[in-house]
Amino acid sequence: MATENRINFWRRNAKVPGSVQPVYGAQHPPLDPRLRRTYPKDTKPKFNNLKTKKASSFHEFARSTNDAWDIDEEEDEDFLGSPAPTLTLTSGLHSTSRQNQQQNQADDTETGESHRLAPPRTEAQNFQDEQEEEEDAEHCEHVNGMVVKSSSEAHLNTSSVRSTLQKQQSLPVRPIIPLVARMSDQNASGAPPMTVREKSRLDKFKQLLASPNTDLEELRKHSWSGIPREVRPITWRLLSGYLPANKERRDLVLKRKRDEYFGFIEQYYHSRTDEHYKDTYRQIHIDIPRTNPLIPLFQQPAVQEVFERILFIWAIRHPASGYVQGINDLVTPFFVVFLSEFVTEDVENFEVAALPLDTQRNIEADSFWCMSKLLDGIQDNYTFAQPGIQNKVKALEELVSRIDEDIHNHFKRYEVEYLQFAFRWMNNLLMRELPLRCTIRLWDTYQAEAEGFTHFHLYVCSAFLIEWRKEILSMVDFQGLLMLLQNLPTIHWGNEEVGLLLAEAYRLKYMFADAPSHYKR
């Protein structure tokens, strides 16, 4: 009896921490729950009979969720208690797999050439053809190269196709590359031709960059409202302080800095397996695949290796902070901008390994140095206890309390702490809340603005919060507020929305930056 109780105990508590949870935000849209769980026919829970009361404050929410790991544990018991259907399904899948393999071999030998010459077909036509082929080949199988009748496997194949169709009809259609992964801006390929004003701005940029000594103040002035795609790489290098204003010195500086970076690679990268650095490298290695997971560009092995080298070298050269989760996101805008210098089509689908090796090395080195310049100004965000972020979140709270008292009091009423949603805004510079195309446009202004990534970012966050004023005030419970703030609907945003956001941030800065009393209660 005691043994049976122990078994039941472990069965009830089979779920352990560490399971992968969905990440919300503009770059990580919420997954459909039907994609995450399938239920056996007899064990599907009846959610309609459950009536739960929404928690109106954080304390009520905490009391209603005693243990986050015990969610759906009854469903887990049902799964553990019914192994027989699983075995039947597995054997059925193996049989179907063997039959499909035989069918594919026959198709390859008889219709391979016709498939290559045929025009593209719709999914409905393909499925209809599959049904017709199954009816023609019913009761057939291969034995020693001969075709003989077999009704059992034909029936199995028909059932599997029918179940697949039913599953496809029950799930939402998801695009291969969602809108959030598109990085095109107004000057990218496939976009409408430039207007007269845009062409005039591009000519002005080219004139500034072609001068023997680039006027950086004038360049910042023109960059504030966005940088044309054609000149963005060289402009970012100049505004970040990576390149000198003197045109004659630029090639020499580029060569020296690139050689210096790869000198670091030769000197330090082999130590990633040492006892002292292996934990740092392991965390980097885990985080890289999570970086913009919906964009195919960042899932390429060549790109992930570049990011690993950049982050590891930066971490060991900055021991005060080392590597902190979130820094991996800050590489991506630089990498995409410098890659776009050599790519005319859509960057998100480009195969980086097709570029010459020297070009790949130059993109990697430039991304490292520009990211380093950025982090030099916000390194206190990533030192022990992250005091920079703590101070910025506190400043955001004080600023919002003066700008919009209704929102501030709404948060207090439902016990929503600014740190619960704004920490990520400061740690990732809003990269998890905005599509990457919007982040690049945002960083045009950040690099043109004095202390753009620190001081001005505070006003951008304030304007961003107030942008959703109506939606925030409509939420009347803690859980709804937090879910909204962690998953704001910016998937359709583009340059126009970012421009309006920056204009509002500039207005707030103009009104509040030189008024210290606005920060005091």
# chains A, B, ... in the order shown; residues from 1 in each chain; ligands from 1

$ residues_around --residues "segment 390-401 of chain A" --least-positions-apart "6" --cutoff "7 Å" --atoms "only C-alpha atoms" --output "ChimeraX atom specification"
/A:408,418-419,422-423,458,462,519

$ write_last_selection --atoms "all heavy atoms" --output "CSV table (one decimal), in the first residue's frame"
chain,number,residue,atom,x,y,z
A,408,HIS,N,-1.0,55.9,-14.1
A,408,HIS,CA,-0.3,55.6,-12.9
A,408,HIS,C,-1.2,55.1,-11.8
A,408,HIS,O,-0.8,54.1,-11.1
A,408,HIS,CB,0.5,56.9,-12.5
A,408,HIS,CG,1.4,56.7,-11.3
A,408,HIS,ND1,2.5,55.9,-11.4
A,408,HIS,CD2,1.3,57.1,-10.0
A,408,HIS,CE1,3.1,55.9,-10.2
A,408,HIS,NE2,2.4,56.6,-9.3
A,418,TYR,N,5.9,48.7,-12.2
A,418,TYR,CA,6.6,49.0,-13.4
A,418,TYR,C,7.7,48.1,-13.8
A,418,TYR,O,7.9,47.8,-14.9
A,418,TYR,CB,7.1,50.5,-13.4
A,418,TYR,CG,6.1,51.5,-13.5
A,418,TYR,CD1,5.2,51.9,-12.4
A,418,TYR,CD2,5.9,52.2,-14.7
A,418,TYR,CE1,4.3,52.8,-12.5
A,418,TYR,CE2,4.9,53.2,-14.8
A,418,TYR,CZ,4.1,53.5,-13.7
A,418,TYR,OH,3.2,54.5,-13.8
A,419,LEU,N,8.4,47.5,-12.8
A,419,LEU,CA,9.4,46.6,-13.0
A,419,LEU,C,9.0,45.3,-13.7
A,419,LEU,O,9.7,44.7,-14.4
A,419,LEU,CB,10.1,46.3,-11.7
A,419,LEU,CG,11.6,45.7,-11.8
A,419,LEU,CD1,12.5,46.7,-12.4
A,419,LEU,CD2,12.1,45.3,-10.4
A,422,ALA,N,8.5,46.9,-17.5
A,422,ALA,CA,9.4,47.9,-18.1
A,422,ALA,C,10.9,47.4,-18.0
A,422,ALA,O,11.7,47.9,-18.6
A,422,ALA,CB,9.3,49.2,-17.4
A,423,PHE,N,11.1,46.4,-17.2
A,423,PHE,CA,12.5,45.8,-17.1
A,423,PHE,C,12.9,45.4,-18.5
A,423,PHE,O,14.1,45.7,-18.9
A,423,PHE,CB,12.5,44.7,-16.1
A,423,PHE,CG,13.9,44.0,-15.9
A,423,PHE,CD1,14.8,44.5,-15.0
A,423,PHE,CD2,14.3,43.0,-16.8
A,423,PHE,CE1,16.1,44.0,-14.8
A,423,PHE,CE2,15.6,42.5,-16.6
A,423,PHE,CZ,16.5,42.9,-15.7
A,458,LEU,N,14.3,56.8,-22.3
A,458,LEU,CA,13.3,56.9,-21.2
A,458,LEU,C,12.0,57.6,-21.7
A,458,LEU,O,10.9,57.2,-21.4
A,458,LEU,CB,13.9,57.8,-20.0
A,458,LEU,CG,12.9,58.2,-18.9
A,458,LEU,CD1,12.4,57.0,-18.2
A,458,LEU,CD2,13.6,59.1,-18.0
A,462,SER,N,8.1,56.2,-22.2
A,462,SER,CA,7.0,56.9,-21.7
A,462,SER,C,5.9,57.1,-22.8
A,462,SER,O,4.7,56.8,-22.6
A,462,SER,CB,7.4,58.2,-21.1
A,462,SER,OG,8.3,58.0,-20.1
A,519,TYR,N,10.0,65.4,-11.6
A,519,TYR,CA,10.4,64.1,-11.1
A,519,TYR,C,10.2,63.9,-9.6
A,519,TYR,O,10.4,62.9,-9.0
A,519,TYR,CB,11.9,63.8,-11.4
A,519,TYR,CG,12.2,63.5,-12.8
A,519,TYR,CD1,12.7,64.5,-13.6
A,519,TYR,CD2,11.9,62.3,-13.4
A,519,TYR,CE1,13.0,64.3,-15.0
A,519,TYR,CE2,12.1,62.0,-14.7
A,519,TYR,CZ,12.7,63.0,-15.5
A,519,TYR,OH,12.9,62.8,-16.8

$ residues_around --residues "Glu218 of chain A" --least-positions-apart "4" --cutoff "12 Å" --atoms "only C-alpha atoms" --output "list in words"
Lys204, Phe205, Gln207, Leu208, Leu209, Asn213, Thr214, His222, Ser223, Trp224, Thr235, Leu239, Ala245, Ala448 and Glu449 of chain A

$ closest_atom_pairs --of "segment 207-319 of chain A" --to "segment 425-435 of chain A" --cutoff "12 Å" --atoms "only C-alpha atoms" --output "tab-separated table"
residue	atom	partner	partner_atom	distance
A:Arg290	CA	A:Arg432	CA	11.7
A:Thr291	CA	A:Arg432	CA	10.0
A:Asn292	CA	A:Arg432	CA	9.0
A:Pro293	CA	A:Arg432	CA	11.7
A:Leu294	CA	A:Pro435	CA	10.7
A:Ile295	CA	A:Pro435	CA	10.6

$ residues_around --residues "segment 251-265 of chain A" --least-positions-apart "6" --cutoff "12 Å" --atoms "only C-alpha atoms" --output "PyMOL selection string"
chain A and resi 234+237-238+241-245+271-272+306+308-317+358-370+372

$ residues_around --residues "Leu297 of chain A" --least-positions-apart "3" --cutoff "9 Å" --atoms "only C-alpha atoms" --output "VMD selection string"
chain A and resid 292 294 300 303 347 to 352

$ atom_distance --atom1 "atom CA of Val337 of chain A" --atom2 "atom CA of Gly377 of chain A"
20.5 Å

$ residues_around --residues "Asp406 of chain A" --least-positions-apart "3" --cutoff "12 Å" --atoms "only C-alpha atoms" --output "number ranges by chain"
A: 400-403, 409-413, 466, 469-470, 472-474

$ atom_distance --atom1 "atom CA of Glu345 of chain A" --atom2 "atom CA of Arg232 of chain A"
16.1 Å
